[in-house]
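Just upload.txt here, compact mmCIF, C-alpha atoms:
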# COMPACT_ATOMS: atom_id res chain seq x y z
CA MET A 200 43.67 -25.87 -7.80
CA VAL A 201 44.76 -26.52 -4.23
CA ALA A 202 45.75 -23.28 -2.49
CA PRO A 203 49.54 -23.24 -2.09
CA TYR A 204 50.89 -23.76 1.40
CA MET A 205 52.39 -20.53 2.66
CA ALA A 206 55.60 -21.32 4.47
CA ASP A 207 56.35 -19.48 7.71
CA GLU A 208 59.86 -18.72 6.58
CA VAL A 209 61.36 -18.82 3.11
CA SER A 210 64.98 -18.04 2.42
CA PRO A 211 65.35 -15.43 -0.33
CA LEU A 212 68.59 -17.07 -1.43
CA VAL A 213 68.67 -20.54 -2.91
CA THR A 214 72.17 -22.00 -2.88
CA THR A 215 72.87 -23.49 -6.28
CA VAL A 216 74.09 -27.05 -6.67
CA ALA A 217 77.73 -26.90 -7.71
CA ALA A 218 77.88 -30.12 -9.70
CA PRO A 219 76.73 -29.98 -13.34
CA LEU A 220 74.05 -32.54 -14.16
CA GLU A 221 74.68 -34.98 -17.00
CA VAL A 222 71.21 -35.41 -18.46
CA PHE A 223 72.23 -37.36 -21.56
CA ASP A 224 72.31 -41.11 -22.07
CA HIS A 225 75.00 -40.94 -24.77
CA PRO A 226 77.86 -38.55 -25.56
CA VAL A 227 78.22 -36.66 -28.80
CA ILE A 228 79.83 -38.84 -31.46
CA GLU A 229 81.90 -36.95 -33.97
CA GLY A 230 80.49 -37.19 -37.47
CA HIS A 231 77.03 -38.35 -36.33
CA ALA A 232 74.30 -35.86 -37.18
CA PRO A 233 71.50 -35.41 -34.63
CA ARG A 234 68.20 -37.18 -35.30
CA PHE A 235 65.12 -35.73 -33.68
CA GLU A 236 61.88 -37.29 -32.49
CA ILE A 237 58.92 -35.63 -30.77
CA LEU A 238 56.96 -37.13 -27.89
CA ARG A 239 53.60 -35.38 -27.68
CA MET A 240 51.72 -35.75 -24.42
CA THR A 241 47.93 -35.81 -24.30
CA PRO A 242 46.80 -32.17 -23.93
CA THR A 243 44.62 -31.26 -20.96
CA SER A 244 42.69 -28.19 -19.87
CA GLU A 245 43.21 -29.16 -16.20
CA PHE A 246 46.93 -28.38 -16.39
CA ALA A 247 46.22 -25.05 -18.08
CA ASP A 248 43.80 -24.09 -15.30
CA GLU A 249 46.22 -25.31 -12.63
CA VAL A 250 49.16 -23.32 -13.97
CA ASP A 251 47.13 -20.17 -14.62
CA GLY A 252 45.54 -20.30 -11.17
CA ALA A 253 48.88 -20.78 -9.44
CA ALA A 254 50.55 -18.01 -11.44
CA GLU A 255 47.76 -15.61 -10.45
CA TRP A 256 47.80 -16.73 -6.81
CA LEU A 257 51.58 -16.46 -6.51
CA GLY A 258 51.91 -13.33 -8.64
CA ILE A 259 54.55 -14.76 -10.97
CA PRO A 260 54.89 -15.55 -14.70
CA VAL A 261 53.86 -19.01 -15.87
CA GLU A 262 57.37 -19.78 -17.11
CA GLU A 263 58.72 -19.71 -13.55
CA ILE A 264 56.33 -22.50 -12.56
CA LEU A 265 57.16 -24.54 -15.67
CA LEU A 266 60.90 -24.07 -15.14
CA ALA A 267 60.65 -25.18 -11.50
CA ALA A 268 58.65 -28.25 -12.55
CA LEU A 269 61.27 -29.08 -15.20
CA GLY A 270 63.98 -28.90 -12.54
CA ARG A 271 61.99 -31.22 -10.30
CA ALA A 272 61.27 -33.71 -13.10
CA LEU A 273 64.92 -33.82 -14.17
CA GLY A 274 65.96 -34.19 -10.54
CA ARG A 275 63.70 -37.21 -10.15
CA THR A 276 64.80 -38.92 -13.34
CA ARG A 277 68.35 -37.78 -14.13
CA GLY A 278 69.78 -36.91 -10.71
CA GLU A 279 70.91 -33.92 -8.66
CA GLY A 280 72.80 -30.96 -10.10
CA GLU A 281 72.52 -27.98 -12.41
CA VAL A 282 71.75 -27.83 -16.11
CA ALA A 283 71.92 -24.89 -18.52
CA VAL A 284 68.48 -24.15 -19.98
CA ASP A 285 67.49 -21.77 -22.77
CA VAL A 286 64.11 -20.32 -21.72
CA VAL A 287 62.12 -18.84 -24.60
CA THR A 288 58.98 -16.81 -23.87
CA GLY A 289 56.59 -14.36 -25.48
CA PRO A 290 54.89 -13.94 -28.85
CA ALA A 291 58.07 -12.15 -29.99
CA PRO A 292 60.46 -14.82 -28.66
CA THR A 293 62.89 -13.72 -25.96
CA HIS A 294 65.77 -16.04 -25.03
CA ARG A 295 67.13 -16.22 -21.49
CA ALA A 296 69.90 -18.65 -20.56
CA VAL A 297 69.77 -19.88 -16.97
CA TRP A 298 71.43 -22.40 -14.68
CA LEU A 299 68.56 -24.52 -13.39
CA ILE A 300 68.71 -26.45 -10.12
CA CYS A 301 67.52 -30.03 -10.64
CA SER A 302 66.64 -31.81 -7.42
CA ASP A 303 64.18 -34.14 -5.74
CA ALA A 304 65.72 -34.07 -2.27
CA ALA A 305 65.94 -31.85 0.80
CA PRO A 306 66.45 -28.98 1.21
CA MET A 307 64.86 -28.34 -2.21
CA GLY A 308 61.15 -28.49 -1.46
CA PRO A 309 58.50 -27.05 -3.81
CA THR A 310 59.01 -23.52 -2.47
CA GLU A 311 62.78 -23.75 -2.87
CA MET A 312 62.43 -25.10 -6.41
CA LEU A 313 60.19 -22.19 -7.36
CA GLN A 314 62.52 -19.73 -5.64
CA GLY A 315 65.42 -21.22 -7.59
CA ALA A 316 63.60 -20.81 -10.91
CA HIS A 317 62.60 -17.25 -10.00
CA THR A 318 66.15 -16.33 -9.02
CA ALA A 319 67.63 -17.96 -12.12
CA LEU A 320 65.33 -16.06 -14.49
CA ALA A 321 65.94 -12.79 -12.65
CA ALA A 322 69.67 -13.24 -13.20
CA ALA A 323 69.33 -14.69 -16.71
CA ALA A 324 72.01 -14.00 -19.26
CA GLY A 325 71.65 -13.67 -23.01
CA ARG A 326 71.60 -16.87 -25.02
CA ALA A 327 75.20 -16.44 -26.19
CA ALA A 328 76.50 -16.23 -22.62
CA ILE A 329 75.78 -19.88 -21.74
CA ARG A 330 75.84 -22.94 -23.98
CA CYS A 331 72.46 -24.61 -23.49
CA GLU A 332 71.53 -28.05 -24.78
CA VAL A 333 68.16 -28.01 -22.99
CA LEU A 334 65.28 -25.77 -24.10
CA LEU A 335 62.07 -24.64 -22.40
CA ASP A 336 59.92 -22.99 -25.07
CA VAL A 337 56.83 -21.22 -23.72
CA THR A 338 55.96 -19.26 -26.85
CA ALA A 339 52.42 -18.95 -28.15
CA GLU A 340 52.61 -21.37 -31.08
CA ALA A 341 53.51 -25.01 -31.52
CA THR A 342 56.86 -25.61 -33.15
CA ASP A 343 58.81 -28.59 -34.42
CA SER A 344 62.06 -26.66 -34.23
CA GLY A 345 64.42 -26.96 -31.31
CA GLY A 346 67.38 -25.12 -32.77
CA GLY A 347 70.60 -26.68 -31.58
CA HIS A 348 69.13 -28.12 -28.39
CA ALA A 349 69.39 -31.84 -27.72
CA LEU A 350 66.27 -31.72 -25.52
CA GLY A 351 63.40 -29.29 -25.79
CA LEU A 352 60.11 -28.99 -23.93
CA HIS A 353 57.65 -26.98 -26.02
CA VAL A 354 54.63 -25.71 -24.08
CA HIS A 355 51.76 -24.08 -25.94
CA ARG A 356 48.01 -23.67 -25.69
CA ALA A 357 45.34 -24.68 -28.15
CA GLY A 358 41.63 -25.18 -27.63
CA GLY A 359 41.93 -24.22 -23.96
CA ALA A 360 44.36 -27.07 -23.28
CA LEU A 361 48.04 -27.11 -22.37
CA HIS A 362 50.16 -29.03 -24.88
CA LEU A 363 53.51 -30.52 -23.80
CA ASP A 364 55.77 -31.64 -26.65
CA TRP A 365 59.18 -33.15 -25.93
CA ARG A 366 61.64 -32.88 -28.83
CA TYR A 367 64.86 -34.83 -28.38
CA ASP A 368 67.95 -36.02 -30.20
CA THR A 369 67.80 -39.81 -30.44
CA THR A 370 71.59 -40.01 -30.71
CA ARG A 371 71.84 -38.52 -27.19
CA PHE A 372 68.74 -39.91 -25.46
CA ASP A 373 67.03 -43.29 -25.26
CA ALA A 374 63.28 -43.08 -25.86
CA TYR A 375 62.42 -44.52 -22.43
CA SER A 376 64.42 -41.76 -20.72
CA ILE A 377 62.31 -39.06 -22.35
CA GLU A 378 59.13 -40.99 -21.56
CA GLU A 379 60.18 -41.09 -17.92
CA VAL A 380 60.85 -37.34 -17.74
CA ALA A 381 57.59 -36.62 -19.58
CA GLU A 382 55.65 -38.76 -17.10
CA GLN A 383 57.22 -37.04 -14.10
CA PHE A 384 56.75 -33.49 -15.38
CA PRO A 385 52.96 -33.26 -14.75
CA LEU A 386 53.45 -34.67 -11.24
CA ALA A 387 56.15 -32.09 -10.56
CA LEU A 388 53.89 -29.39 -11.98
CA ILE A 389 51.06 -30.29 -9.60
CA GLU A 390 53.51 -30.36 -6.68
CA ILE A 391 54.80 -26.87 -7.48
CA THR A 392 51.37 -25.35 -8.09
CA SER A 393 49.86 -26.92 -4.96
CA ASP A 394 52.62 -26.65 -2.36
CA ALA A 395 55.00 -23.80 -3.25
CA ALA A 396 54.89 -20.40 -1.56
CA ALA A 397 55.50 -17.22 -3.55
CA PRO A 398 59.17 -16.48 -4.26
CA LEU A 399 60.83 -13.54 -2.53

Before anything else, please render the file you have as structure tokens.
Amino acid sequence: MVAPYMADEVSPLVTTVAAPLEVFDHPVIEGHAPRFEILRMTPTSEFADEVDGAAEWLGIPVEEILLAALGRALGRTRGEGEVAVDVVTGPAPTHRAVWLICSDAAPMGPTEMLQGAHTALAAAAGRAAIRCEVLLDVTAEATDSGGGHALGLHVHRAGGALHLDWRYDTTRFDAYSIEEVAEQFPLALIEITSDAAAPL
């Protein structure tokens, strides 16, 4: 892991992006039931080591790094804005609904993306408070269930490797769109773990 760059000055307040982000390719069609597919990425121990090392270095939970990387990946592929995300963590699953900043442009550098994820989780509401169609599941076990979410990133460990499974509703997303997000996520993850300073 590359030691994160420690910025000379980091604002403790990240201004949220006012505009909601439309992440879907297609709107909901009344009477059409969702159909789900899963895109499983090749697991790697390097990502597990990278995330664990950064979490220890920065003194933060792993889910903050993953959430920041998700915001960066969506910003690169779907545009600038905010999206409601249901973040599920722990062996006894805990749901936290957050508004996630999605951006790939100034002033949202790696440190600001991580600060945004940290701030969002600190202010997280219960699942019922925000309607979330995007899921970040960081529970211990693999799952094929995404509840009522149109897009879910399931992150789990097995055999020392980090597994990234993207579950999506094919009536809302084209396959190539999910492939694009899935390809950008590891790059965003490396950017956050390598270049972000610890959140305030």

query = From the set A:Glu263, A:Glu390, A:Glu378, A:Glu245, which residue has the shortest atom-to-atom contact distance to Leu320 in chain A, counting only C-alpha atoms?
reply = A:Glu263

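Of the residues listed (A:Leu299, A:Ala357, A:Ala305, A:Ala272), A:Leu299 shows the shortest atom-to-atom separation from Cys331 in chain A; distances use all atoms listed in the file.
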
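Note that CA of Gly351 in chain A and CA of Ser376 in chain A are 13.5 Å apart.
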
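Remark: for Ile237 in chain A, the closest of the candidate residues A:Arg366, A:Arg371, A:His353, A:His348 is A:Arg366 (distances computed over all atoms listed in the file).
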
inquiry  = Here's a test: counting all atoms listed in the file, identify every protein, DNA and RNA residue with an atom at most 10 Å from (47.1, -22.2, -13.3) in the file's coordinate frame, and state them as a list in words.
reply    = Met200, Ser244, Glu245, Phe246, Ala247, Asp248, Glu249, Val250, Asp251, Gly252, Ala253, Ala254, Glu255, Trp256, Leu257, Val261, Ile264, Leu388, Ile389, Thr392 and Ser393 of chain A

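Taking CA of Leu273 in chain A as the reference point, CA of Val222 in chain A is found at 7.8 Å.
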
task = Can you work out which one of A:Gly280, A:Pro242, A:Gly270, A:Pro398 has the shortest atom-to-atom distance to Leu335 in chain A, counting only C-alpha atoms?
result = A:Gly270

As a compact mmCIF listing (two decimals) with C-alpha atoms, keeping the file's coordinate frame, please: the residues near Gly278 in chain A (cut-off 9 Å, all atoms listed in the file, same-chain neighbours under 3 positions excluded).
# COMPACT_ATOMS: atom_id res chain seq x y z
CA LEU A 220 74.05 -32.54 -14.16
CA GLU A 221 74.68 -34.98 -17.00
CA VAL A 222 71.21 -35.41 -18.46
CA LEU A 273 64.92 -33.82 -14.17
CA GLY A 274 65.96 -34.19 -10.54
CA ARG A 275 63.70 -37.21 -10.15
CA CYS A 301 67.52 -30.03 -10.64
CA SER A 302 66.64 -31.81 -7.42
CA ASP A 303 64.18 -34.14 -5.74

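Straight-line separation from CA of Glu279 in chain A to CA of Met307 in chain A: 10.5 Å.
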
Show me, as JSON, the centre and edge lengths in Å to one decimal of the axis-aligned box that covers every listed atom of range 311-320 of chain A with 6 Å on each side.
{"center_x": 63.9, "center_y": -20.6, "center_z": -8.7, "size_x": 19.4, "size_y": 21.0, "size_z": 23.6}

ask   = Got a sec: who's within 10 Å of Val287 in chain A, counting all atoms listed in the file, leaving out chain neighbours fewer than 6 positions off, as a ChimeraX atom specification?
value = /A:262,293-296,326,334-338,353

task = Go through A:Ala322, A:Ala360, A:Leu269, A:Ile300 one by one, measure the shortest atom-to-atom distance of each to Val282 in chain A using all atoms listed in the file, and give the residue with the smallest value.
result = A:Ile300

Counting only C-alpha atoms, the residue of A:His225, A:His231, A:Ala396, A:Leu265 that sits nearest Leu361 in chain A = A:Leu265
